[in-house]
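Next comes start-v3.cif, a file with mmCIF, C-alpha atoms.
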data_my_file
#
loop_
_atom_site.label_atom_id
_atom_site.label_comp_id
_atom_site.auth_asym_id
_atom_site.auth_seq_id
_atom_site.Cartn_x
_atom_site.Cartn_y
_atom_site.Cartn_z
CA MET A 274 0.00 0.00 0.00
CA SER A 275 1.45 3.29 -0.95
CA THR A 276 1.54 6.26 1.39
CA THR A 277 1.94 9.96 0.73
CA ALA A 278 4.77 11.98 2.16
CA PRO A 279 3.67 14.90 4.34
CA ALA A 280 4.26 18.38 2.94
CA VAL A 281 7.03 20.33 4.62
CA THR A 282 5.69 23.71 5.72
CA GLY A 283 7.88 26.57 4.64
CA SER A 284 9.99 24.45 2.32
CA PRO A 285 10.84 26.20 -0.91
CA SER A 286 9.97 23.19 -3.01
CA SER A 287 6.55 22.63 -1.36
CA SER A 288 5.05 25.71 -2.89
CA SER A 289 6.17 24.88 -6.41
CA SER A 290 5.16 21.21 -6.71
CA PRO A 291 2.97 18.73 -4.79
CA PRO A 292 4.70 16.24 -2.53
CA ALA A 293 5.72 13.08 -4.31
CA PRO A 294 3.98 9.85 -3.18
CA VAL A 295 6.15 7.57 -1.15
CA PRO A 296 5.73 3.95 -2.27
CA ALA A 297 5.55 1.16 0.25
CA PRO A 298 8.87 -0.47 0.97
CA PRO A 299 9.24 -3.07 -1.81
CA ARG A 300 11.21 -5.47 0.33
CA ALA A 301 8.47 -5.56 3.00
CA GLY A 302 5.81 -6.41 0.37
CA ARG A 303 7.92 -9.11 -1.22
CA ALA A 304 8.80 -10.57 2.18
CA TRP A 305 5.12 -10.72 3.15
CA HIS A 306 4.19 -12.53 -0.07
CA ALA A 307 7.21 -14.81 0.21
CA ARG A 308 6.22 -15.89 3.72
CA ARG A 309 2.65 -16.65 2.61
CA ALA A 310 3.87 -18.54 -0.44
CA ALA A 311 6.29 -20.57 1.68
CA GLY A 312 3.54 -21.31 4.19
CA LEU A 313 1.23 -22.44 1.40
CA LEU A 314 3.91 -24.81 0.08
CA VAL A 315 4.32 -26.26 3.59
CA CYS A 316 0.57 -26.83 3.77
CA VAL A 317 0.62 -28.56 0.37
CA GLY A 318 3.43 -30.79 1.66
CA LEU A 319 1.30 -31.62 4.71
CA VAL A 320 -1.57 -32.65 2.43
CA LEU A 321 0.74 -34.97 0.45
CA VAL A 322 2.07 -36.56 3.65
CA LEU A 323 -1.47 -37.12 4.96
CA ALA A 324 -2.48 -38.59 1.59
CA VAL A 325 0.36 -41.14 1.72
CA LEU A 326 -0.45 -41.97 5.35
CA GLY A 327 -4.11 -42.33 4.45
CA ILE A 328 -3.28 -44.79 1.69
CA GLY A 329 -1.17 -46.87 4.07
CA ILE A 330 -3.43 -46.88 7.14
CA GLY A 331 -6.46 -49.12 7.38
CA ALA A 332 -7.58 -52.68 8.00
CA LYS A 333 -4.49 -53.76 6.02
CA SER A 334 -1.51 -51.58 6.96
CA ILE A 335 0.93 -50.80 4.16
CA ALA A 336 4.35 -49.24 4.75
CA PRO A 337 4.93 -45.78 3.17
CA GLY A 338 7.65 -47.23 0.92
CA ASP A 339 5.30 -49.91 -0.37
CA VAL A 340 2.63 -47.24 -0.93
CA VAL A 341 5.00 -45.22 -3.10
CA HIS A 342 6.07 -48.39 -4.94
CA ALA A 343 2.44 -49.32 -5.65
CA LEU A 344 1.75 -45.80 -6.91
CA LEU A 345 4.74 -45.80 -9.27
CA THR A 346 4.55 -49.34 -10.63
CA ARG A 347 1.91 -51.69 -12.03
CA ASP A 348 1.64 -55.11 -10.41
CA PRO A 349 -1.97 -56.43 -10.41
CA ARG A 350 -0.86 -59.67 -8.71
CA SER A 351 0.24 -57.82 -5.59
CA ASP A 352 -2.30 -57.46 -2.77
CA ASP A 353 -0.78 -54.10 -1.82
CA TRP A 354 -1.14 -52.82 -5.39
CA ILE A 355 -4.81 -53.87 -5.54
CA VAL A 356 -5.65 -52.25 -2.20
CA VAL A 357 -3.80 -49.04 -3.04
CA ARG A 358 -5.05 -48.57 -6.59
CA THR A 359 -8.67 -49.70 -6.20
CA SER A 360 -9.55 -48.45 -2.72
CA ARG A 361 -7.10 -46.25 -0.83
CA LEU A 362 -5.94 -43.99 -3.69
CA PRO A 363 -9.49 -42.96 -4.77
CA ARG A 364 -10.33 -42.39 -1.11
CA SER A 365 -7.39 -40.02 -0.61
CA LEU A 366 -8.15 -38.21 -3.87
CA PHE A 367 -11.72 -37.73 -2.69
CA GLY A 368 -10.41 -36.30 0.58
CA ILE A 369 -8.18 -33.78 -1.20
CA VAL A 370 -10.70 -32.66 -3.82
CA ILE A 371 -13.79 -32.59 -1.60
CA GLY A 372 -11.96 -30.96 1.31
CA ALA A 373 -10.53 -28.23 -0.92
CA SER A 374 -13.96 -27.57 -2.43
CA LEU A 375 -15.63 -27.26 0.97
CA GLY A 376 -12.88 -24.92 2.20
CA LEU A 377 -13.29 -22.67 -0.83
CA ALA A 378 -17.07 -22.69 -0.50
CA GLY A 379 -16.87 -21.77 3.19
CA ALA A 380 -14.51 -18.84 2.58
CA LEU A 381 -16.74 -17.56 -0.23
CA MET A 382 -19.86 -17.85 1.91
CA GLN A 383 -18.33 -15.90 4.79
CA ALA A 384 -17.13 -13.19 2.40
CA LEU A 385 -20.51 -12.97 0.64
CA THR A 386 -22.66 -12.78 3.78
CA ARG A 387 -20.01 -11.02 5.92
CA ASN A 388 -21.03 -13.48 8.58
CA PRO A 389 -18.20 -15.30 10.42
CA LEU A 390 -20.60 -18.16 11.27
CA ALA A 391 -21.67 -18.76 7.66
CA ASP A 392 -20.99 -22.12 6.09
CA PRO A 393 -21.83 -23.61 2.68
CA GLY A 394 -25.15 -24.90 3.94
CA LEU A 395 -26.45 -21.42 4.72
CA LEU A 396 -27.66 -20.81 1.15
CA GLY A 397 -29.74 -23.98 1.16
CA VAL A 398 -27.30 -25.89 -1.05
CA ASN A 399 -26.84 -28.84 1.31
CA ALA A 400 -30.55 -29.01 2.12
CA GLY A 401 -31.44 -28.87 -1.58
CA ALA A 402 -29.06 -31.71 -2.38
CA ALA A 403 -30.39 -33.83 0.50
CA ALA A 404 -34.02 -33.17 -0.45
CA ALA A 405 -33.38 -34.14 -4.08
CA VAL A 406 -31.63 -37.37 -3.09
CA ALA A 407 -34.30 -38.32 -0.55
CA GLY A 408 -37.12 -37.43 -2.93
CA SER A 409 -35.67 -39.30 -5.88
CA THR A 410 -34.98 -42.34 -3.68
CA ALA A 411 -38.46 -42.46 -2.18
CA LEU A 412 -40.45 -41.45 -5.26
CA LEU A 413 -38.32 -42.70 -8.18
CA ASP A 414 -36.61 -45.63 -6.42
CA LEU A 415 -33.09 -44.44 -7.27
CA GLY A 416 -30.45 -46.42 -5.39
CA SER A 417 -27.05 -45.96 -7.04
CA PHE A 418 -24.49 -43.36 -6.03
CA SER A 419 -24.22 -42.20 -9.65
CA ALA A 420 -27.92 -41.36 -9.60
CA TYR A 421 -27.42 -39.60 -6.25
CA VAL A 422 -24.77 -37.35 -7.79
CA TRP A 423 -26.99 -35.94 -10.51
CA ALA A 424 -30.04 -35.69 -8.25
CA ALA A 425 -28.02 -33.84 -5.60
CA LEU A 426 -26.50 -31.47 -8.14
CA LEU A 427 -29.93 -30.62 -9.51
CA GLY A 428 -31.36 -30.14 -6.02
CA ALA A 429 -28.47 -27.90 -4.95
CA ALA A 430 -28.82 -25.72 -8.05
CA VAL A 431 -32.60 -25.35 -7.68
CA ALA A 432 -32.33 -24.50 -3.97
CA ALA A 433 -29.62 -21.89 -4.60
CA ALA A 434 -31.71 -20.33 -7.40
CA VAL A 435 -34.79 -20.13 -5.12
CA VAL A 436 -32.71 -18.53 -2.36
CA TYR A 437 -31.31 -15.94 -4.77
CA LEU A 438 -34.78 -15.12 -6.18
CA LEU A 439 -36.21 -14.72 -2.67
CA GLY A 440 -33.23 -12.58 -1.64
CA THR A 441 -33.64 -10.26 -4.64
CA ARG A 442 -37.47 -10.07 -4.64
CA GLY A 443 -38.91 -6.59 -4.12
CA ARG A 444 -37.66 -3.14 -4.87
CA SER A 445 -34.43 -3.44 -2.95
CA ARG A 446 -31.76 -5.68 -4.34
CA ALA A 447 -30.05 -8.58 -2.60
CA THR A 448 -28.09 -7.91 0.54
CA PRO A 449 -26.02 -10.36 2.61
CA VAL A 450 -28.69 -10.34 5.33
CA ARG A 451 -31.56 -11.04 2.91
CA LEU A 452 -29.66 -13.88 1.25
CA ALA A 453 -28.82 -15.42 4.63
CA LEU A 454 -32.44 -15.18 5.83
CA ALA A 455 -33.77 -16.65 2.57
CA GLY A 456 -31.24 -19.49 2.78
CA THR A 457 -32.17 -20.25 6.37
CA ALA A 458 -35.88 -20.37 5.52
CA VAL A 459 -35.41 -22.60 2.47
CA SER A 460 -33.09 -24.92 4.42
CA ALA A 461 -35.68 -25.29 7.20
CA VAL A 462 -38.45 -26.19 4.74
CA LEU A 463 -36.29 -28.72 2.84
CA THR A 464 -35.01 -30.31 6.06
CA ALA A 465 -38.59 -30.80 7.23
CA PHE A 466 -39.40 -32.38 3.84
CA VAL A 467 -36.48 -34.82 4.18
CA ASN A 468 -37.38 -35.74 7.77
CA GLY A 469 -40.96 -36.39 6.70
CA LEU A 470 -39.87 -38.73 3.90
CA VAL A 471 -37.53 -40.65 6.22
CA LEU A 472 -40.33 -41.14 8.75
CA LEU A 473 -42.84 -42.25 6.10
CA ASP A 474 -40.57 -44.67 4.23
CA PRO A 475 -37.61 -45.69 6.43
CA LEU A 476 -36.76 -48.93 4.59
CA SER A 477 -36.27 -47.47 1.13
CA LEU A 478 -34.17 -44.63 2.55
CA ASN A 479 -31.49 -46.74 4.23
CA LYS A 480 -28.95 -45.84 1.53
CA PHE A 481 -29.92 -42.20 1.81
CA ARG A 482 -29.14 -42.23 5.53
CA PHE A 483 -25.71 -43.71 4.81
CA TRP A 484 -25.11 -40.96 2.21
CA GLN A 485 -26.37 -38.29 4.63
CA ILE A 486 -23.64 -39.13 7.21
CA GLY A 487 -20.91 -38.03 4.79
CA THR A 488 -18.25 -40.60 3.98
CA LEU A 489 -15.18 -41.06 1.78
CA ALA A 490 -15.31 -44.85 2.05
CA GLY A 491 -16.49 -47.00 -0.82
CA GLN A 492 -16.39 -44.21 -3.40
CA SER A 493 -15.38 -45.13 -6.92
CA GLY A 494 -13.20 -43.06 -9.19
CA SER A 495 -16.06 -42.75 -11.69
CA VAL A 496 -18.01 -40.60 -9.21
CA LEU A 497 -15.03 -38.29 -8.86
CA VAL A 498 -14.78 -38.01 -12.64
CA GLN A 499 -18.45 -37.02 -12.82
CA VAL A 500 -18.19 -34.19 -10.30
CA LEU A 501 -14.69 -32.97 -11.18
CA PRO A 502 -15.83 -30.59 -14.01
CA PHE A 503 -18.28 -28.88 -11.64
CA LEU A 504 -15.66 -28.58 -8.89
CA GLY A 505 -13.07 -27.27 -11.35
CA ALA A 506 -15.49 -24.64 -12.70
CA GLY A 507 -16.35 -23.56 -9.15
CA ALA A 508 -12.67 -23.31 -8.16
CA LEU A 509 -11.87 -21.23 -11.27
CA LEU A 510 -14.79 -18.92 -10.55
CA ALA A 511 -13.64 -18.58 -6.93
CA ALA A 512 -10.16 -17.55 -8.07
CA LEU A 513 -11.66 -14.85 -10.31
CA LEU A 514 -13.75 -13.51 -7.41
CA ALA A 515 -10.84 -12.82 -5.05
CA ARG A 516 -10.30 -9.18 -6.08
CA PRO A 517 -14.03 -8.24 -6.33
CA LEU A 518 -14.67 -9.71 -2.87
CA ASN A 519 -11.74 -7.70 -1.49
CA ALA A 520 -13.34 -4.55 -2.94
CA ILE A 521 -16.81 -5.36 -1.54
CA ALA A 522 -15.31 -5.90 1.92
CA LEU A 523 -14.58 -2.14 1.94
CA GLY A 524 -18.29 -1.36 1.52
CA GLU A 525 -20.50 -1.39 -1.55
CA ASP A 526 -20.18 2.34 -2.24
CA THR A 527 -16.40 2.15 -2.05
CA ALA A 528 -16.46 -1.01 -4.19
CA ARG A 529 -18.41 0.79 -6.92
CA SER A 530 -15.98 3.68 -6.83
CA LEU A 531 -13.20 1.13 -7.39
CA GLY A 532 -15.00 -0.30 -10.42
CA ALA A 533 -16.49 -3.40 -8.78
CA HIS A 534 -20.07 -4.60 -9.40
CA PRO A 535 -21.60 -5.83 -6.09
CA GLY A 536 -24.69 -7.43 -7.67
CA ARG A 537 -22.66 -9.28 -10.27
CA THR A 538 -20.18 -10.40 -7.63
CA GLN A 539 -22.97 -11.71 -5.36
CA PHE A 540 -24.50 -13.72 -8.21
CA ALA A 541 -21.13 -15.15 -9.26
CA THR A 542 -20.26 -16.03 -5.66
CA MET A 543 -23.55 -17.90 -5.23
CA ALA A 544 -22.87 -19.76 -8.48
CA ALA A 545 -19.38 -20.73 -7.27
CA VAL A 546 -20.69 -21.92 -3.89
CA THR A 547 -23.42 -23.94 -5.61
CA LEU A 548 -20.92 -25.63 -7.93
CA LEU A 549 -18.38 -26.37 -5.19
CA CYS A 550 -20.68 -27.34 -2.35
CA GLY A 551 -23.34 -28.95 -4.51
CA ALA A 552 -20.91 -31.23 -6.34
CA ALA A 553 -18.98 -32.07 -3.15
CA THR A 554 -22.16 -32.91 -1.26
CA ALA A 555 -23.46 -34.93 -4.18
CA ALA A 556 -20.31 -37.05 -4.19
CA VAL A 557 -19.83 -37.84 -0.49
CA GLY A 558 -22.85 -36.44 1.35
CA PRO A 559 -22.94 -33.40 3.63
CA ILE A 560 -19.77 -32.96 5.72
CA ALA A 561 -20.04 -30.45 8.53
CA PHE A 562 -17.63 -27.89 10.04
CA VAL A 563 -14.95 -28.06 7.33
CA GLY A 564 -16.31 -25.05 5.45
CA LEU A 565 -17.10 -23.24 8.69
CA ALA A 566 -13.93 -23.67 10.75
CA VAL A 567 -11.12 -23.80 8.18
CA PRO A 568 -11.50 -20.24 6.77
CA HIS A 569 -11.08 -18.89 10.32
CA LEU A 570 -7.88 -20.89 10.72
CA ALA A 571 -6.63 -19.63 7.35
CA ARG A 572 -7.57 -16.05 8.21
CA LEU A 573 -5.27 -16.17 11.24
CA ILE A 574 -2.39 -16.73 8.80
CA THR A 575 -3.37 -14.59 5.83
CA GLY A 576 -5.63 -11.87 7.18
CA PRO A 577 -8.73 -10.86 5.19
CA ASP A 578 -7.04 -10.76 1.75
CA GLN A 579 -9.10 -13.15 -0.38
CA ARG A 580 -6.21 -13.69 -2.80
CA TRP A 581 -4.42 -15.64 -0.05
CA LEU A 582 -7.38 -16.69 2.06
CA LEU A 583 -8.98 -18.76 -0.70
CA PRO A 584 -5.96 -20.97 -1.53
CA TYR A 585 -5.07 -21.39 2.14
CA SER A 586 -8.66 -22.40 2.94
CA ALA A 587 -8.63 -24.97 0.14
CA VAL A 588 -5.35 -26.59 1.19
CA LEU A 589 -6.05 -26.58 4.95
CA ALA A 590 -9.55 -28.00 4.40
CA ALA A 591 -8.08 -30.84 2.34
CA ALA A 592 -5.62 -31.56 5.16
CA LEU A 593 -8.40 -31.52 7.77
CA LEU A 594 -10.63 -33.90 5.81
CA LEU A 595 -7.74 -36.32 5.16
CA ALA A 596 -6.81 -36.24 8.86
CA ALA A 597 -10.44 -36.84 9.85
CA ASP A 598 -10.66 -39.82 7.53
CA ILE A 599 -7.46 -41.30 8.99
CA VAL A 600 -8.66 -40.77 12.57
CA GLY A 601 -11.93 -42.49 11.71
CA ARG A 602 -10.04 -45.61 10.61
CA VAL A 603 -7.89 -45.98 13.74
CA VAL A 604 -10.04 -44.76 16.60
CA LEU A 605 -12.17 -47.93 16.73
CA ALA A 606 -10.86 -51.48 16.59
CA ASN A 607 -12.10 -53.38 13.51
CA GLU A 608 -14.57 -50.58 12.74
CA GLU A 609 -14.55 -47.20 11.02
CA LEU A 610 -16.11 -43.87 11.84
CA GLU A 611 -17.29 -41.97 8.78
CA ALA A 612 -15.42 -38.79 7.93
CA GLY A 613 -18.57 -36.69 8.40
CA VAL A 614 -18.84 -37.89 12.01
CA VAL A 615 -15.16 -37.25 12.74
CA THR A 616 -15.19 -33.71 11.27
CA ALA A 617 -18.09 -32.87 13.55
CA PHE A 618 -16.09 -34.11 16.58
CA LEU A 619 -12.87 -32.40 15.43
CA GLY A 620 -14.41 -29.27 13.95
CA ALA A 621 -16.51 -28.20 16.92
CA PRO A 622 -13.66 -28.02 19.49
CA LEU A 623 -11.34 -26.54 16.85
CA PHE A 624 -13.83 -23.79 16.13
CA ILE A 625 -14.37 -23.11 19.85
CA ALA A 626 -10.59 -22.98 20.42
CA LEU A 627 -10.20 -20.46 17.58
CA VAL A 628 -12.92 -18.26 19.05
CA ARG A 629 -11.48 -18.44 22.57
CA ARG A 630 -7.83 -18.05 21.57
CA LYS A 631 -8.25 -14.89 19.58
CA ARG A 632 -11.02 -12.59 18.53
CA ILE A 633 -12.46 -13.77 15.23
CA ALA A 634 -10.86 -11.79 12.46
CA GLN A 635 -13.08 -9.14 10.92
CA LEU A 636 -14.50 -10.11 7.56
#
Final structure tokens representation of the file:
Amino acid sequence: MSTTAPAVTGSPSSSSSPPAPVPAPPRAGRAWHARRAAGLLVCVGLVLVLAVLGIGIGAKSIAPGDVVHALLTRDPRSDDWIVVRTSRLPRSLFGIVIGASLGLAGALMQALTRNPLADPGLLGVNAGAAAAVAGSTALLDLGSFSAYVWAALLGAAVAAAVVYLLGTRGRSRATPVRLALAGTAVSAVLTAFVNGLVLLDPLSLNKFRFWQIGTLAGQSGSVLVQVLPFLGAGALLAALLARPLNAIALGEDTARSLGAHPGRTQFATMAAVTLLCGAATAAVGPIAFVGLAVPHLARLITGPDQRWLLPYSAVLAAALLLAADIVGRVVLANEELEAGVVTAFLGAPLFIALVRRKRIAQL
């Protein structure tokens, strides 16, 4: 940030020409960016380490060296190769991709609503996905995870569109408060619809209840391929929104004076959240606290600058989801806790610790 040098009263030169602006020290700016870049690389390294550990840990333990060997070679006769390539590797890839998507969606939601307690479910995306899956299962007898993916994506998109229309209805345009209230109302209605279906037809909704817990286990690579274009489009849109969201954080009037378009930015942010959260929820079910807690942890490192907050949120969320999946495999003997259950246990105390340790950073 540049500063302006104060005028020197009585100086001969001050009366003939305005004071020259004094640029910010270039070394300080480069050092700040270098520290954030180095920290981001460390976080990426942590994700890779957790991914290798996640591939090796489970009912059949595989040494890290054997994991790397199975990843780099092809040996279908080896038990380790079969376990790594068909089960553990897709599971770790799901953890990285889904965790990063939820982290991005959470950071975008908190920036859009300027609410530090906002999470991706606040716009009705999670509730819309769950309602579509429950409705299609009970009414259309859909039972495969591939069918769940498309039903959940459609439900998430419809719910987000309804929330945006309700938030923009009337003479005044959408505001963060109106969007949050509309999302809360739509989520309540859809949750009641899902609970009613589960009570009326519990047998046909057994698979839905398993999906609703949120799990990385048993997912096939084909599901990841189906949702990857939506997640990639959402991540690209999120990257393009970093500067406009920084401008809107200064206030809408100031943002307009800087050339930003608040209405366009709100619509694009909702579209990005719908793509990221809708596709992630469609693939593995709703996973709580990742999108809520991780942006606060990232904000402690980066401050409110969305250009750094978004990538940090993505990487740290991937690390958290991988760690939760690993903990779920080892905490019970001969059993597994689903990742959605573990993130709720890990995320709640983490969020409370962040709040108690330091005042939540201003959005």
Discussion item. Which residues are near stretch 513-521 of chain A? Cut-off 6 Å, only C-alpha atoms, ignore same chain within fewer than 3 positions. Put them as a PyMOL selection string.
Written reply: chain A and resi 510+524-525+528+533+579-580
Worksheet item: Could you spell out the hits of the PyMOL selection byres ((chain A and resi 395) around 10) on the shown file, as a list in words?
Response: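 So the PyMOL selection byres ((chain A and resi 395) around 10), applied here, picks out Gly379, Met382, Gln383, Thr386, Leu390, Ala391, Asp392, Pro393, Gly394, Leu396, Gly397, Val398, Asn399, Ala400, Ala433, Val436, Leu452, Ala453, Leu454, Ala455, Gly456, Thr457, Ala458, Val459 and Ser460 of chain A.
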Fill in: Residue nearest A:Gly558 among A:Ile335, A:Ile371, A:Ala545, A:Leu314 (counting all atoms listed in the file)
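Looking only at the distances to A:Gly558, the closest residue turns out to be A:Ile371.
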Discussion item. I'd like the contact shell of A:Asp353 - 8 Å cut-off, all atoms listed in the file, skipping same-chain residues fewer than 4 positions apart - returned as a ChimeraX atom specification.
Written reply: /A:335,339-340,343,357
Practice prompt. Write out as an NGL selection string the residues lying within 12 Å of A:Gly408, counting all atoms listed in the file and excluding same-chain residues fewer than 3 positions away.
Written response: :A and (400-405 or 411-416 or 421 or 424-425 or 427-428 or 463-464 or 466-471 or 473-474 or 477-478 or 481)
Worksheet entry | Explicit residue set for the PyMOL selection byres ((chain A and resi 337) around 12), as a PyMOL selection string | chain A and resi 321-330+334-336+338-344+353+357
Discussion item. Here's the selection I'm unsure about, the PyMOL selection byres ((chain A and resi 492-508) around 6); applied to the file above, which residues does it give, as number ranges by chain?
Written reply: A: 363, 490-491, 509-511, 545, 548-549, 552
